[in-house]
$ cat start.pdb   # PDB, C-alpha atoms
MODEL        1
ATOM      1  CA  MET C   1     -53.089  -2.606  11.284
ATOM      2  CA  LYS C   2     -50.303  -0.051  11.635
ATOM      3  CA  LEU C   3     -47.661   1.457   9.368
ATOM      4  CA  ILE C   4     -44.407   2.013  11.226
ATOM      5  CA  ILE C   5     -42.004   4.517   9.699
ATOM      6  CA  ALA C   6     -38.558   4.288  11.297
ATOM      7  CA  ILE C   7     -35.680   6.581  10.352
ATOM      8  CA  VAL C   8     -32.400   4.905  11.330
ATOM      9  CA  ASN C   9     -28.751   5.889  10.904
ATOM     10  CA  ASN C  10     -27.090   4.050   7.994
ATOM     11  CA  ASP C  11     -24.546   2.576  10.417
ATOM     12  CA  ASP C  12     -27.361   0.659  12.127
ATOM     13  CA  SER C  13     -29.638  -0.105   9.181
ATOM     14  CA  ALA C  14     -28.233  -3.531   8.245
ATOM     15  CA  VAL C  15     -28.551  -4.968  11.738
ATOM     16  CA  VAL C  16     -32.014  -3.425  12.261
ATOM     17  CA  SER C  17     -33.195  -4.846   8.930
ATOM     18  CA  SER C  18     -31.751  -8.266   9.710
ATOM     19  CA  ALA C  19     -33.359  -8.365  13.158
ATOM     20  CA  LEU C  20     -36.766  -7.346  11.809
ATOM     21  CA  THR C  21     -36.752  -9.807   8.911
ATOM     22  CA  GLY C  22     -35.414 -12.486  11.255
ATOM     23  CA  GLU C  23     -38.689 -12.188  13.157
ATOM     24  CA  ASN C  24     -40.696 -12.357   9.910
ATOM     25  CA  PHE C  25     -41.620  -8.682   9.672
ATOM     26  CA  ILE C  26     -41.847  -7.422   6.102
ATOM     27  CA  VAL C  27     -39.622  -4.377   5.686
ATOM     28  CA  THR C  28     -39.197  -1.882   2.852
ATOM     29  CA  LYS C  29     -35.981   0.153   2.993
ATOM     30  CA  LEU C  30     -35.608   3.628   1.526
ATOM     31  CA  SER C  31     -32.332   5.545   1.326
ATOM     32  CA  THR C  32     -32.823   9.008   2.800
ATOM     33  CA  THR C  33     -30.709  11.947   3.912
ATOM     34  CA  GLY C  34     -31.037  13.780   7.203
ATOM     35  CA  GLY C  35     -31.465  17.539   7.177
ATOM     36  CA  PHE C  36     -29.181  18.525  10.058
ATOM     37  CA  LEU C  37     -25.832  16.895   9.248
ATOM     38  CA  MET C  38     -26.826  15.879   5.714
ATOM     39  CA  VAL C  39     -25.758  12.282   6.373
ATOM     40  CA  GLY C  40     -27.317   9.107   5.063
ATOM     41  CA  ASN C  41     -30.203   7.445   6.840
ATOM     42  CA  THR C  42     -32.388   4.496   6.075
ATOM     43  CA  THR C  43     -36.140   4.885   6.356
ATOM     44  CA  PHE C  44     -37.970   1.635   7.020
ATOM     45  CA  LEU C  45     -41.630   1.125   6.150
ATOM     46  CA  ILE C  46     -43.041  -1.739   8.199
ATOM     47  CA  GLY C  47     -46.596  -3.002   8.144
ATOM     48  CA  ALA C  48     -47.572  -4.662  11.417
ATOM     49  CA  GLU C  49     -50.610  -5.872  13.254
ATOM     50  CA  ASP C  50     -51.557  -3.782  16.278
ATOM     51  CA  GLY C  51     -50.248  -6.434  18.677
ATOM     52  CA  ASP C  52     -46.816  -6.511  16.965
ATOM     53  CA  VAL C  53     -46.056  -2.779  17.182
ATOM     54  CA  ALA C  54     -44.374  -2.998  20.597
ATOM     55  CA  ARG C  55     -42.066  -5.786  19.387
ATOM     56  CA  VAL C  56     -41.090  -3.857  16.243
ATOM     57  CA  LYS C  57     -40.292  -0.769  18.326
ATOM     58  CA  GLU C  58     -38.316  -2.892  20.789
ATOM     59  CA  ILE C  59     -36.151  -4.324  17.971
ATOM     60  CA  ILE C  60     -35.519  -0.893  16.458
ATOM     61  CA  LYS C  61     -34.573   0.557  19.846
ATOM     62  CA  LYS C  62     -32.262  -2.355  20.667
ATOM     63  CA  TYR C  63     -30.242  -2.081  17.448
ATOM     64  CA  SER C  64     -30.226   1.698  16.882
ATOM     65  CA  GLN C  65     -27.276   3.168  18.733
ATOM     66  CA  THR C  66     -26.773   6.815  19.625
ATOM     67  CA  ARG C  67     -23.211   8.051  19.055
ATOM     68  CA  THR C  68     -21.308  11.315  19.052
ATOM     69  CA  ALA C  69     -20.183  12.915  15.789
ATOM     70  CA  SER C  70     -18.430  16.106  14.880
ATOM     71  CA  ASN C  71     -20.630  18.805  13.391
ATOM     72  CA  PRO C  72     -18.574  20.169  10.474
ATOM     73  CA  SER C  73     -17.043  23.603  10.757
ATOM     74  CA  THR C  74     -18.759  26.439   8.920
ATOM     75  CA  ALA C  75     -15.376  28.143   8.379
ATOM     76  CA  SER C  76     -15.245  26.651   4.903
ATOM     77  CA  PHE C  77     -18.417  28.605   4.069
ATOM     78  CA  GLY C  78     -16.627  31.944   4.354
ATOM     79  CA  ARG C  79     -17.144  32.576   8.049
ATOM     80  CA  SER C  80     -14.225  33.608  10.201
ATOM     81  CA  LEU C  81     -12.785  31.367  12.871
ATOM     82  CA  SER C  82     -15.190  32.509  15.524
ATOM     83  CA  LYS C  83     -16.609  30.193  18.153
ATOM     84  CA  ASP C  84     -19.606  29.554  15.847
ATOM     85  CA  GLY C  85     -17.310  28.462  13.014
ATOM     86  CA  LEU C  86     -15.520  25.686  14.912
ATOM     87  CA  PRO C  87     -16.617  22.041  14.814
ATOM     88  CA  SER C  88     -18.807  20.856  17.684
ATOM     89  CA  GLU C  89     -19.851  17.477  19.010
ATOM     90  CA  VAL C  90     -23.452  16.393  18.412
ATOM     91  CA  LYS C  91     -25.404  13.214  19.151
ATOM     92  CA  VAL C  92     -26.404  11.224  16.079
ATOM     93  CA  GLY C  93     -27.945   7.855  15.457
ATOM     94  CA  GLY C  94     -30.732   6.291  17.381
ATOM     95  CA  ALA C  95     -34.053   6.112  15.606
ATOM     96  CA  THR C  96     -37.107   8.238  15.001
ATOM     97  CA  VAL C  97     -40.246   6.115  14.847
ATOM     98  CA  PHE C  98     -43.738   7.061  13.689
ATOM     99  CA  VAL C  99     -46.726   4.719  14.075
ATOM    100  CA  LEU C 100     -49.698   5.428  11.827
ATOM    101  CA  ASP C 101     -53.119   3.824  11.619
ATOM    102  CA  VAL C 102     -53.832   2.021   8.355
ATOM    103  CA  ASN C 103     -57.415   2.045   7.160
ATOM    104  CA  SER C 104     -56.839  -0.447   4.390
ATOM    105  CA  MET C 105     -54.006  -2.611   3.087
ATOM    106  CA  GLU C 106     -54.088  -4.709  -0.030
ATOM    107  CA  LYS C 107     -51.283  -6.753  -1.490
ATOM    108  CA  TYR C 108     -51.422  -7.679  -5.167
TER     109      TYR C 108
ENDMDL
END

$ encode --input "start.pdb" --output "structure tokens"
Amino acid sequence: MKLIIAIVNNDDSAVVSSALTGENFIVTKLSTTGGFLMVGNTTFLIGAEDGDVARVKEIIKKYSQTRTASNPSTASFGRSLSKDGLPSEVKVGGATVFVLDVNSMEKY
């Protein structure tokens, strides 16, 4: 058995959740915040049999889109309007997925 931890952009979380539950995977959703842009994410906890891990990852990849966002200017933090203080474009979205071994799982 595996525990899959998937961190997904909030913009994609509803469709990822729907696709996973549509294939009868049990999903727990946690609201989280990313450290770089300080934007909302959803962290999914998914228990899956070893043979189902590839399918879970496939679903997450299919419905987690990478997009471009503007990194906010630091000028509002007291820095001058130097090149470092201007907004820049960064890639956001997609998913970060961890797969962990589970030694024991009990459901009460």

$ atom_distance --input "start.pdb" --atom1 "CA of Lys61 (chain C)" --atom2 "CA of Gly40 (chain C)"
18.6 Å

$ atom_distance --input "start.pdb" --atom1 "CA of Leu45 (chain C)" --atom2 "CA of Ile4 (chain C)"
5.9 Å

$ residues_around --input "start.pdb" --residues "region 18-26 of chain C" --least-positions-apart "2" --cutoff "12 Å" --atoms "all atoms listed in the file" --output "PyMOL selection string"
chain C and resi 3-4+6+12-16+28-29+44-49+52-53+55-64

$ atom_distance --input "start.pdb" --atom1 "CA of Thr66 (chain C)" --atom2 "CA of Ser17 (chain C)"
17.1 Å

$ axis_aligned_box --input "start.pdb" --around "region 16-28 of chain C" --padding-each-side "5 Å" --output "lines of an AutoDock Vina configuration file"
center_x = -36.8
center_y = -7.2
center_z = 8.0
size_x = 20.1
size_y = 20.6
size_z = 20.3

$ residues_around --input "start.pdb" --residues "Ser104 (chain C)" --least-positions-apart "3" --cutoff "10 Å" --atoms "all atoms listed in the file" --output "PDB file with C-alpha atoms, in the coordinates of the input"
ATOM      1  CA  MET C   1     -53.089  -2.606  11.284  1.00  0.00           C
ATOM      2  CA  LYS C   2     -50.303  -0.051  11.635  1.00  0.00           C
ATOM      3  CA  ASP C 101     -53.119   3.824  11.619  1.00  0.00           C
TER       4      ASP C 101
END

$ residues_near_point --input "start.pdb" --point "(-34.6, 7.1, 17.5)" --cutoff "8 Å" --atoms "all atoms listed in the file" --output "PyMOL selection string"
chain C and resi 6-8+61+64+93-97

$ closest_residue --input "start.pdb" --among "C:Gln65, C:Ser31, C:Asp50, C:Val99" --to "Ile5 (chain C)" --atoms "all atoms listed in the file"
C:Val99

$ closest_residue --input "start.pdb" --among "C:Ala54, C:Asn10, C:Val102, C:Lys107" --to "Thr32 (chain C)" --atoms "only C-alpha atoms"
C:Asn10
